[in-house]
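Here's model_29.cif, which has mmCIF, C-alpha atoms:
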data_protein
loop_
_atom_site.label_atom_id
_atom_site.label_comp_id
_atom_site.auth_asym_id
_atom_site.auth_seq_id
_atom_site.Cartn_x
_atom_site.Cartn_y
_atom_site.Cartn_z
CA MET K 563 5.75 -301.53 114.57
CA THR K 564 5.14 -298.79 112.12
CA ALA K 565 7.82 -298.33 109.48
CA LEU K 566 11.29 -298.97 110.86
CA GLY K 567 10.08 -299.55 114.40
CA ALA K 568 9.71 -303.15 113.31
CA LEU K 569 13.38 -303.57 112.44
CA GLY K 570 14.39 -305.15 115.72
CA VAL K 571 11.61 -307.74 115.87
CA PHE K 572 10.84 -308.44 112.26
CA GLU K 573 14.07 -307.82 110.34
CA ALA K 574 15.06 -311.49 110.49
CA ALA K 575 11.61 -312.54 109.32
CA TYR K 576 11.73 -310.00 106.51
CA TRP K 577 15.09 -311.13 105.20
CA ALA K 578 14.11 -314.80 105.43
CA PHE K 579 11.09 -314.00 103.33
CA HIS K 580 13.00 -311.72 100.97
CA MET K 581 15.55 -314.39 100.14
CA PHE K 582 13.19 -316.75 98.40
CA LYS K 583 10.99 -316.20 95.36
CA SER K 584 7.37 -315.12 95.43
CA GLU K 585 4.85 -317.85 94.78
CA ARG K 586 3.35 -315.80 91.96
CA GLU K 587 6.46 -314.20 90.48
CA SER K 588 9.85 -315.34 89.33
CA GLU K 589 11.50 -312.17 90.69
CA PRO K 590 12.28 -311.49 94.37
CA LEU K 591 9.85 -309.28 96.24
CA ASN K 592 10.48 -305.55 95.68
CA GLU K 593 11.25 -303.75 98.93
CA HIS K 594 9.50 -300.60 97.63
CA THR K 595 6.17 -302.46 97.69
CA PHE K 596 6.44 -302.90 101.47
CA ILE K 597 4.28 -299.83 102.19
CA SER K 598 3.82 -299.18 105.91
CA ARG K 599 1.64 -296.05 105.65
CA ALA K 600 -0.12 -293.99 102.98
CA VAL K 601 -1.93 -290.66 103.33
CA PHE K 602 -3.44 -288.10 100.95
CA ALA K 603 -2.60 -284.41 101.40
CA ASP K 604 -1.47 -281.43 99.36
CA ALA K 605 -3.32 -282.88 96.32
CA ARG K 606 -1.11 -285.97 96.21
CA LEU K 607 -0.62 -289.42 97.67
CA TRP K 608 2.23 -289.88 100.14
CA VAL K 609 3.64 -293.37 100.61
CA LEU K 610 6.09 -294.52 103.27
CA ASN K 611 7.92 -297.81 102.86
CA TYR K 612 9.39 -300.20 105.40
CA TRP K 613 12.84 -298.62 105.08
CA GLY K 614 11.68 -295.13 106.00
CA GLU K 615 11.65 -293.69 102.49
CA LEU K 616 8.86 -291.17 101.89
CA SER K 617 7.66 -290.28 98.39
CA SER K 618 4.59 -288.84 96.69
CA ILE K 619 2.46 -289.44 93.60
CA ILE K 620 0.29 -286.77 92.00
CA PRO K 621 -2.90 -288.19 90.42
CA GLY K 622 -2.36 -288.50 86.70
CA ALA K 623 1.42 -288.43 86.98
CA LYS K 624 3.53 -291.37 85.84
CA ALA K 625 6.35 -291.03 88.35
CA ARG K 626 6.84 -291.31 92.09
CA VAL K 627 8.78 -288.38 93.54
CA SER K 628 11.04 -288.66 96.57
CA ALA K 629 10.32 -286.32 99.48
CA GLY K 630 14.03 -285.47 99.46
CA LEU K 631 14.64 -286.24 103.12
CA ALA K 632 18.02 -287.45 104.32
CA ASP K 633 16.44 -288.72 107.54
CA ARG K 634 14.73 -292.05 108.01
CA VAL K 635 10.99 -291.36 108.23
CA LEU K 636 9.41 -293.39 111.01
CA ASP K 637 5.77 -292.51 110.39
CA VAL K 638 3.52 -290.02 108.61
CA CYS K 639 0.10 -288.50 109.31
CA THR K 640 -2.02 -285.53 108.19
CA ALA K 641 -3.71 -282.65 110.02
CA ASP K 642 -5.62 -279.78 108.40
CA GLY K 643 -4.55 -281.06 104.99
CA ALA K 644 -0.84 -280.90 105.82
CA VAL K 645 1.63 -283.77 106.06
CA GLN K 646 3.51 -284.36 109.31
CA ILE K 647 6.38 -286.80 109.77
CA LEU K 648 8.44 -288.19 112.61
CA SER K 649 12.02 -288.91 111.55
CA CYS K 650 15.54 -289.51 112.80
CA ALA K 651 19.08 -289.71 111.46
CA ARG K 652 19.77 -292.95 109.61
CA GLU K 653 23.14 -293.46 111.26
CA ALA K 654 21.96 -292.99 114.85
CA CYS K 655 18.27 -292.77 115.68
CA ASN K 656 18.75 -291.14 119.08
CA THR K 657 16.57 -288.07 118.55
CA TRP K 658 13.20 -287.94 116.82
CA THR K 659 12.14 -284.83 114.91
CA LEU K 660 8.52 -283.88 114.21
CA ARG K 661 8.15 -281.92 110.98
CA ARG K 662 5.29 -280.43 108.96
CA ARG K 663 5.36 -279.81 105.22
CA THR K 664 4.64 -276.16 104.44
CA GLU K 665 5.11 -274.35 101.12
CA GLY K 666 7.06 -277.23 99.66
CA GLY K 667 9.52 -277.46 102.56
CA TRP K 668 9.72 -279.06 106.01
CA THR K 669 9.27 -277.05 109.22
CA THR K 670 10.45 -278.51 112.53
CA LEU K 671 7.73 -278.59 115.19
CA ALA K 672 9.47 -280.48 118.01
CA THR K 673 12.38 -282.75 118.86
CA LEU K 674 12.08 -285.73 121.20
CA PRO K 675 14.63 -288.01 122.86
CA ALA K 676 14.24 -291.56 121.56
CA GLU K 677 15.37 -293.03 124.91
CA SER K 678 16.13 -296.36 123.17
CA ASP K 679 12.36 -296.72 122.75
CA VAL K 680 10.51 -298.15 119.75
CA LEU K 681 7.90 -296.10 117.91
CA ALA K 682 4.47 -297.68 117.57
CA ALA K 683 2.62 -295.00 115.56
CA LEU K 684 2.05 -291.31 114.96
CA SER K 685 -1.34 -289.58 114.89
CA CYS K 686 -2.25 -285.96 114.10
CA THR K 687 -5.25 -283.77 114.86
CA ARG K 688 -5.76 -280.04 114.51
CA ALA K 689 -5.08 -279.50 118.22
CA ARG K 690 -2.25 -281.95 118.91
CA THR K 691 0.03 -284.70 117.71
CA ILE K 692 0.26 -288.06 119.46
CA VAL K 693 3.48 -290.10 119.45
CA LEU K 694 2.93 -293.58 120.84
CA THR K 695 5.89 -295.81 121.64
CA GLU K 696 6.23 -299.17 123.35
CA HIS K 697 6.63 -297.40 126.71
CA ARG K 698 5.44 -293.79 126.31
CA LEU K 699 2.55 -291.63 125.19
CA ILE K 700 3.82 -288.21 124.08
CA GLN K 701 1.38 -285.39 123.37
CA ILE K 702 2.69 -282.43 121.36
CA SER K 703 0.91 -279.09 121.07
CA ASP K 704 2.27 -275.63 120.17
CA GLY K 705 5.80 -277.01 120.12
CA LYS K 706 5.59 -278.38 123.66
CA SER K 707 5.80 -282.10 124.33
CA VAL K 708 4.32 -283.85 127.37
CA PRO K 709 5.55 -287.45 127.85
CA LEU K 710 3.62 -289.96 129.89
CA ARG K 711 4.81 -293.41 130.93
CA LEU K 712 2.49 -296.25 129.93
CA SER K 713 1.26 -298.59 132.64
CA GLN K 714 2.38 -301.56 130.54
CA LYS K 715 4.40 -302.12 127.41
CA ILE K 716 2.60 -302.04 124.09
CA ASP K 717 4.07 -304.64 121.77
CA GLY K 718 3.47 -303.38 118.27
CA GLY K 719 3.38 -305.33 115.05
CA ILE K 720 3.85 -305.00 111.34
CA ARG K 721 1.61 -301.96 111.23
CA VAL K 722 -0.02 -300.11 114.12
CA SER K 723 -3.11 -297.91 113.70
CA LEU K 724 -4.27 -295.25 116.16
CA HIS K 725 -7.68 -293.71 116.78
CA LEU K 726 -8.14 -290.76 119.12
CA THR K 727 -11.17 -289.96 121.25
CA PRO K 728 -11.43 -287.13 123.81
CA GLU K 729 -10.25 -289.40 126.64
CA HIS K 730 -8.41 -292.32 125.00
CA VAL K 731 -6.21 -293.45 122.18
CA PHE K 732 -7.20 -296.83 120.76
CA VAL K 733 -4.36 -298.89 119.34
CA GLY K 734 -4.94 -301.44 116.57
CA ILE K 735 -2.19 -304.04 116.34
CA ASN K 736 -1.43 -306.29 113.36
CA VAL K 737 1.07 -309.13 113.87
CA GLY K 738 -0.07 -311.25 110.90
CA GLU K 739 -0.50 -314.95 111.61
CA TRP K 740 0.49 -314.30 115.24
CA GLY K 741 -2.65 -312.21 115.72
CA GLY K 742 -3.06 -308.70 117.05
CA GLY K 743 -5.81 -306.89 118.89
CA VAL K 744 -6.85 -303.57 120.40
CA ARG K 745 -5.36 -301.68 123.33
CA ARG K 746 -7.00 -298.68 125.00
CA VAL K 747 -4.73 -296.01 126.53
CA GLU K 748 -6.01 -293.30 128.85
CA LEU K 749 -4.68 -289.93 127.73
CA GLU K 750 -4.55 -288.49 131.25
CA THR K 751 -2.90 -291.40 133.07
CA GLY K 752 -1.23 -293.65 130.47
CA ARG K 753 -3.15 -296.64 131.78
CA VAL K 754 -3.28 -299.43 129.17
CA SER K 755 -6.11 -301.96 128.98
CA VAL K 756 -6.69 -304.84 126.60
CA ILE K 757 -9.95 -305.26 124.69
CA GLU K 758 -10.06 -308.98 125.35
CA LYS K 759 -12.62 -310.07 122.77
CA ILE K 760 -10.62 -308.63 119.86
CA THR K 761 -7.31 -310.22 120.82
CA GLY K 762 -6.01 -312.70 118.29
CA GLY K 763 -7.15 -310.89 115.15
CA PRO K 764 -4.89 -308.56 113.16
CA VAL K 765 -6.48 -305.08 113.38
CA HIS K 766 -5.83 -302.67 110.50
CA ALA K 767 -8.03 -299.64 111.22
CA ILE K 768 -10.29 -298.21 113.93
CA VAL K 769 -12.96 -295.53 113.34
CA ASP K 770 -15.95 -294.01 115.13
CA ASP K 771 -19.20 -295.88 114.56
CA PRO K 772 -21.38 -293.48 112.50
CA TRP K 773 -24.60 -295.01 113.78
CA GLN K 774 -23.82 -295.71 117.43
CA PRO K 775 -22.40 -292.65 119.21
CA GLY K 776 -19.61 -293.51 121.61
CA CYS K 777 -18.85 -296.81 119.87
CA LEU K 778 -16.06 -297.81 117.51
CA LEU K 779 -15.58 -300.10 114.52
CA ALA K 780 -12.45 -302.12 113.72
CA ALA K 781 -11.30 -303.76 110.48
CA ILE K 782 -9.84 -307.23 111.03
CA GLY K 783 -8.19 -309.31 108.34
CA LEU K 784 -5.63 -312.01 107.68
CA VAL K 785 -4.60 -313.87 104.54
CA HIS K 786 -2.51 -316.85 105.59
CA LEU K 787 -3.26 -320.19 103.92
CA GLY K 788 -6.77 -318.84 103.45
CA ALA K 789 -8.59 -315.61 104.22
CA ARG K 790 -10.54 -314.60 107.30
CA GLY K 791 -11.76 -311.38 108.81
CA TRP K 792 -14.70 -309.27 109.93
CA ILE K 793 -15.73 -305.79 110.99
CA ALA K 794 -16.08 -305.62 114.76
CA GLY K 795 -18.11 -303.16 116.81
CA LEU K 796 -16.78 -302.00 120.16
CA CYS K 797 -18.81 -300.28 122.87
CA GLU K 798 -16.80 -300.15 126.11
CA GLN K 799 -15.88 -303.82 126.67
CA ASP K 800 -18.79 -305.15 124.60
CA VAL K 801 -17.58 -306.49 121.25
CA ARG K 802 -19.97 -307.61 118.53
CA GLU K 803 -19.78 -308.71 114.91
CA VAL K 804 -21.01 -305.91 112.67
CA TYR K 805 -20.29 -307.50 109.30
CA ALA K 806 -18.70 -310.62 107.85
CA ARG K 807 -18.91 -312.11 104.38
CA ALA K 808 -18.14 -315.67 103.39
CA LEU K 809 -16.09 -316.06 100.21
CA GLY K 810 -17.24 -318.74 97.80
CA ASN K 811 -19.75 -320.20 100.24
CA PRO K 812 -20.46 -323.57 98.52
CA GLU K 813 -23.19 -325.94 99.63
CA ASP K 814 -22.01 -328.70 101.94
CA PRO K 815 -22.74 -331.99 100.12
CA ASP K 816 -23.06 -333.83 103.42
CA GLU K 817 -25.68 -331.43 104.76
CA PRO K 818 -27.89 -330.16 101.90
CA GLY K 819 -29.15 -326.62 102.37
CA ARG K 820 -26.45 -325.69 104.87
CA ALA K 821 -23.95 -323.12 103.69
CA ARG K 822 -20.26 -323.83 104.21
CA SER K 823 -17.26 -321.62 103.64
CA ASP K 824 -13.55 -322.04 104.24
CA SER K 825 -12.75 -318.34 103.87
CA PHE K 826 -14.18 -315.00 104.89
CA GLU K 827 -13.45 -311.55 103.55
CA ALA K 828 -10.33 -310.08 105.15
CA PHE K 829 -10.65 -306.34 105.74
CA PHE K 830 -7.48 -304.22 105.50
CA GLY K 831 -8.98 -300.73 105.38
CA LEU K 832 -11.83 -298.84 107.05
CA ALA K 833 -12.69 -295.13 106.93
CA ARG K 834 -15.53 -292.67 107.24
CA VAL K 835 -15.87 -290.87 103.91
CA GLY K 836 -18.63 -288.29 103.78
CA THR K 837 -21.80 -289.93 105.05
CA GLN K 838 -20.55 -293.43 104.25
CA LEU K 839 -18.40 -296.00 105.97
CA VAL K 840 -16.01 -297.48 103.41
CA ALA K 841 -14.09 -300.73 103.87
CA THR K 842 -11.61 -302.53 101.62
CA GLY K 843 -11.03 -306.24 101.51
CA ILE K 844 -9.28 -308.66 99.21
CA ASP K 845 -12.55 -309.21 97.34
CA GLY K 846 -13.79 -305.66 96.84
CA ILE K 847 -14.86 -302.30 98.24
CA TYR K 848 -17.75 -302.16 100.70
CA ARG K 849 -19.84 -299.02 101.21
CA PHE K 850 -22.18 -298.78 104.19
CA ASP K 851 -24.96 -296.15 104.15
CA GLY K 852 -26.29 -297.48 107.45
CA PRO K 853 -25.87 -300.39 109.85
CA GLY K 854 -27.29 -302.89 107.35
CA GLU K 855 -25.86 -304.73 104.36
CA PRO K 856 -23.24 -302.77 102.37
CA ALA K 857 -22.99 -302.25 98.63
CA ARG K 858 -20.01 -304.17 97.28
CA THR K 859 -18.08 -303.37 94.11
CA PRO K 860 -14.95 -305.04 92.68
CA LEU K 861 -11.57 -303.51 93.29
CA PRO K 862 -10.63 -301.12 90.45
CA GLU K 863 -7.68 -301.66 88.15
CA PHE K 864 -4.32 -300.71 89.62
CA GLU K 865 -1.42 -299.07 87.80
CA THR K 866 2.23 -299.33 88.75
CA ILE K 867 3.92 -295.99 89.40
CA GLY K 868 7.51 -296.19 90.55
CA ASP K 869 7.11 -299.80 91.71
CA VAL K 870 3.99 -298.90 93.75
CA GLU K 871 0.58 -300.28 92.71
CA VAL K 872 -2.01 -297.54 93.10
CA SER K 873 -5.52 -296.66 91.93
CA PHE K 874 -6.88 -293.10 91.68
CA ALA K 875 -10.03 -294.38 89.92
CA LEU K 876 -12.42 -293.54 92.76
CA PRO K 877 -13.29 -289.90 93.57
CA ASP K 878 -13.25 -290.16 97.37
CA VAL K 879 -10.53 -292.70 98.17
CA VAL K 880 -7.18 -293.88 96.85
CA LEU K 881 -6.11 -297.52 96.97
CA VAL K 882 -2.51 -298.64 97.45
CA ARG K 883 -1.31 -302.24 97.41
CA THR K 884 1.23 -303.31 100.01
CA ASN K 885 3.22 -306.49 100.56
CA ILE K 886 4.23 -305.57 104.09
CA ASN K 887 1.99 -308.23 105.65
CA ARG K 888 4.19 -310.89 104.02
CA GLN K 889 6.60 -310.37 106.90
CA ALA K 890 4.25 -312.38 109.11
CA SER K 891 1.83 -314.23 106.83
CA LEU K 892 1.74 -316.17 103.58
CA GLY K 893 -0.72 -313.86 101.84
CA GLY K 894 -0.16 -311.67 98.80
CA ALA K 895 -0.51 -307.93 98.30
CA VAL K 896 -3.48 -306.30 100.04
CA PRO K 897 -5.18 -302.92 99.42
CA LEU K 898 -4.73 -300.00 101.80
CA LEU K 899 -7.58 -297.48 101.90
CA VAL K 900 -6.62 -293.77 101.81
CA PRO K 901 -9.37 -291.11 102.07
CA ARG K 902 -8.76 -288.11 99.84
#

Mind converting the file's structure to structure tokens?
Amino acid sequence: MTALGALGVFEAAYWAFHMFKSERESEPLNEHTFISRAVFADARLWVLNYWGELSSIIPGAKARVSAGLADRVLDVCTADGAVQILSCAREACNTWTLRRRTEGGWTTLATLPAESDVLAALSCTRARTIVLTEHRLIQISDGKSVPLRLSQKIDGGIRVSLHLTPEHVFVGINVGEWGGGVRRVELETGRVSVIEKITGGPVHAIVDDPWQPGCLLAAIGLVHLGARGWIAGLCEQDVREVYARALGNPEDPDEPGRARSDSFEAFFGLARVGTQLVATGIDGIYRFDGPGEPARTPLPEFETIGDVEVSFALPDVVLVRTNINRQASLGGAVPLLVPR
């Protein structure tokens, strides 16, 4: 689940992984590099780690600044350029508090009973905020919350992504080597349905398809003893491959002229930025100006600011490396894509 919602299911896996050394480093993995969410607002990058600690980095600064919250932050989102968080007391997470950052402080918007439920993800729009849990869909507007029971439990993962449409919320689930998929939840009824053809692949982001109205695109990626992934298109129940790129792609010596590849680009970020669709993978940044082949450029250089690897080199997006997927895969750090 997002942030600390994963504690119950994945804490044992995390500590098992945390106890041994990284394959690439002689030092144990740094818990601050387990970034569960990152957003850009108020002219700065906000990063939330696995332990519910929220901090920010101003472009050009050389330090990461704590948000100064005593609460455990469960998730973070942005609406109208403002940061919103869902948090609870660290000692007893029985009540969730929705807050918005205004004029350098935090204003309470609503309080919700946790009901021993597990948060999946938080999503903000100008009109409303969506809180999705394993069992409930809660819509918050003008300080009023309307809970709705889901027709079936949504099992989250390491990191859950939400995408809102006028009638549905689409849920992207990433469970690492154990897969993932997409769930569709009806906003009016709470009815949950499974997008069958995307089950099995860790989903990291869902956006509207810029070139096919009413359709969606999903970024799928996994690095676990090799890389694999693709960008999927979704129109109702019809799922198609929009883009995939083989890595290396050597010639098969047994069948001359036939391309062979053991790995495909794994996509961990996807966003609409201006008129472009931008995706990030382990092998670069992909910019789509239309439904055809994208322009690919290498990942920029990253700098370490307060233990977090970040790049402000691009004018329209920020990149943040996270190790959080190591809870359920044997891959290294992967880049999160954050629109400015």

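For the pair atom CA of K:Gly752 and atom CA of K:Val765, the interatomic distance is 21.2 Å.
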
For a test of reading the model, state the distance in Å between atom CA of K:Val645 and atom CA of K:Arg662, rounded to one decimal. 5.7 Å

Two-atom distance - atom CA of K:Ala806, atom CA of K:Gly843 (Å): 10.9 Å

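Closest approach to K:Lys706 among K:Leu674, K:Ala683, K:Gly614, K:Glu665: K:Leu674, based on only C-alpha atoms.
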
As a check of understanding, name the residues that the PyMOL selection byres ((chain K and resi 685) around 9) selects in the supplied structure, as a PyMOL selection string. chain K and resi 637-641+683-684+686-687+690-694+723-726

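Among the candidates K:Phe874, K:Gly738, K:Ala833, K:Ser703, the residue lying nearest to K:Pro901 is K:Ala833 (atoms considered: only C-alpha atoms).
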
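Point (-17.0, -288.8, 107.5) has the following residues at most 10 Å away: Val769, Asp770, Pro772, Ala833, Arg834, Val835, Gly836, Thr837, Gln838, Leu839, Val840 and Pro901 of chain K (atoms considered: only C-alpha atoms).
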
Those residues you just picked out, can you put them in a file as a compact mmCIF listing (two decimals), keeping the file's coordinate frame with C-alpha atoms?
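result.txt, written as the output of this step:
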# COMPACT_ATOMS: atom_id res chain seq x y z
CA VAL K 769 -12.96 -295.53 113.34
CA ASP K 770 -15.95 -294.01 115.13
CA PRO K 772 -21.38 -293.48 112.50
CA ALA K 833 -12.69 -295.13 106.93
CA ARG K 834 -15.53 -292.67 107.24
CA VAL K 835 -15.87 -290.87 103.91
CA GLY K 836 -18.63 -288.29 103.78
CA THR K 837 -21.80 -289.93 105.05
CA GLN K 838 -20.55 -293.43 104.25
CA LEU K 839 -18.40 -296.00 105.97
CA VAL K 840 -16.01 -297.48 103.41
CA PRO K 901 -9.37 -291.11 102.07

Going by the chain IDs and residue numbers used in this file, which residues fall under the PyMOL selection byres ((chain K and resi 761) around 9)? Write them as a PyMOL selection string. chain K and resi 741-744+756-760+762-764

Taking (9.8, -286.8, 102.0) in the file's own coordinates, collect the residues within 8 Å, counting all atoms listed in the file, and hand them back as a PyMOL selection string. chain K and resi 615-618+628-631+635

Could you list, as a ChimeraX atom specification, every residue within 12 Å of K:Gly776, counting all atoms listed in the file and ignoring same-chain residues fewer than 2 positions away? /K:727-730,769-774,778-779,795-798

If the PyMOL selection byres ((chain K and resi 673) around 6) is run on the structure shown, which residues does it catch, given as a PyMOL selection string? chain K and resi 658-659+672+674

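Ranking K:Ile782, K:Leu809, K:Ala895, K:Leu749 by their shortest atom-to-atom distance to K:Val708, with only C-alpha atoms included, puts K:Leu749 first.
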
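Distance annotation: of K:Thr695, K:Leu610, K:Val754, K:Gln701, the residue with the minimal separation from K:Gly718 is K:Thr695; atom set is only C-alpha atoms.
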
Extract, using all atoms listed in the file, all DNA, RNA and protein residues at most 6 Å from K:Ile847, discarding same-chain residues fewer than 3 positions from it, and format them as a ChimeraX atom specification. /K:841-842,858-859
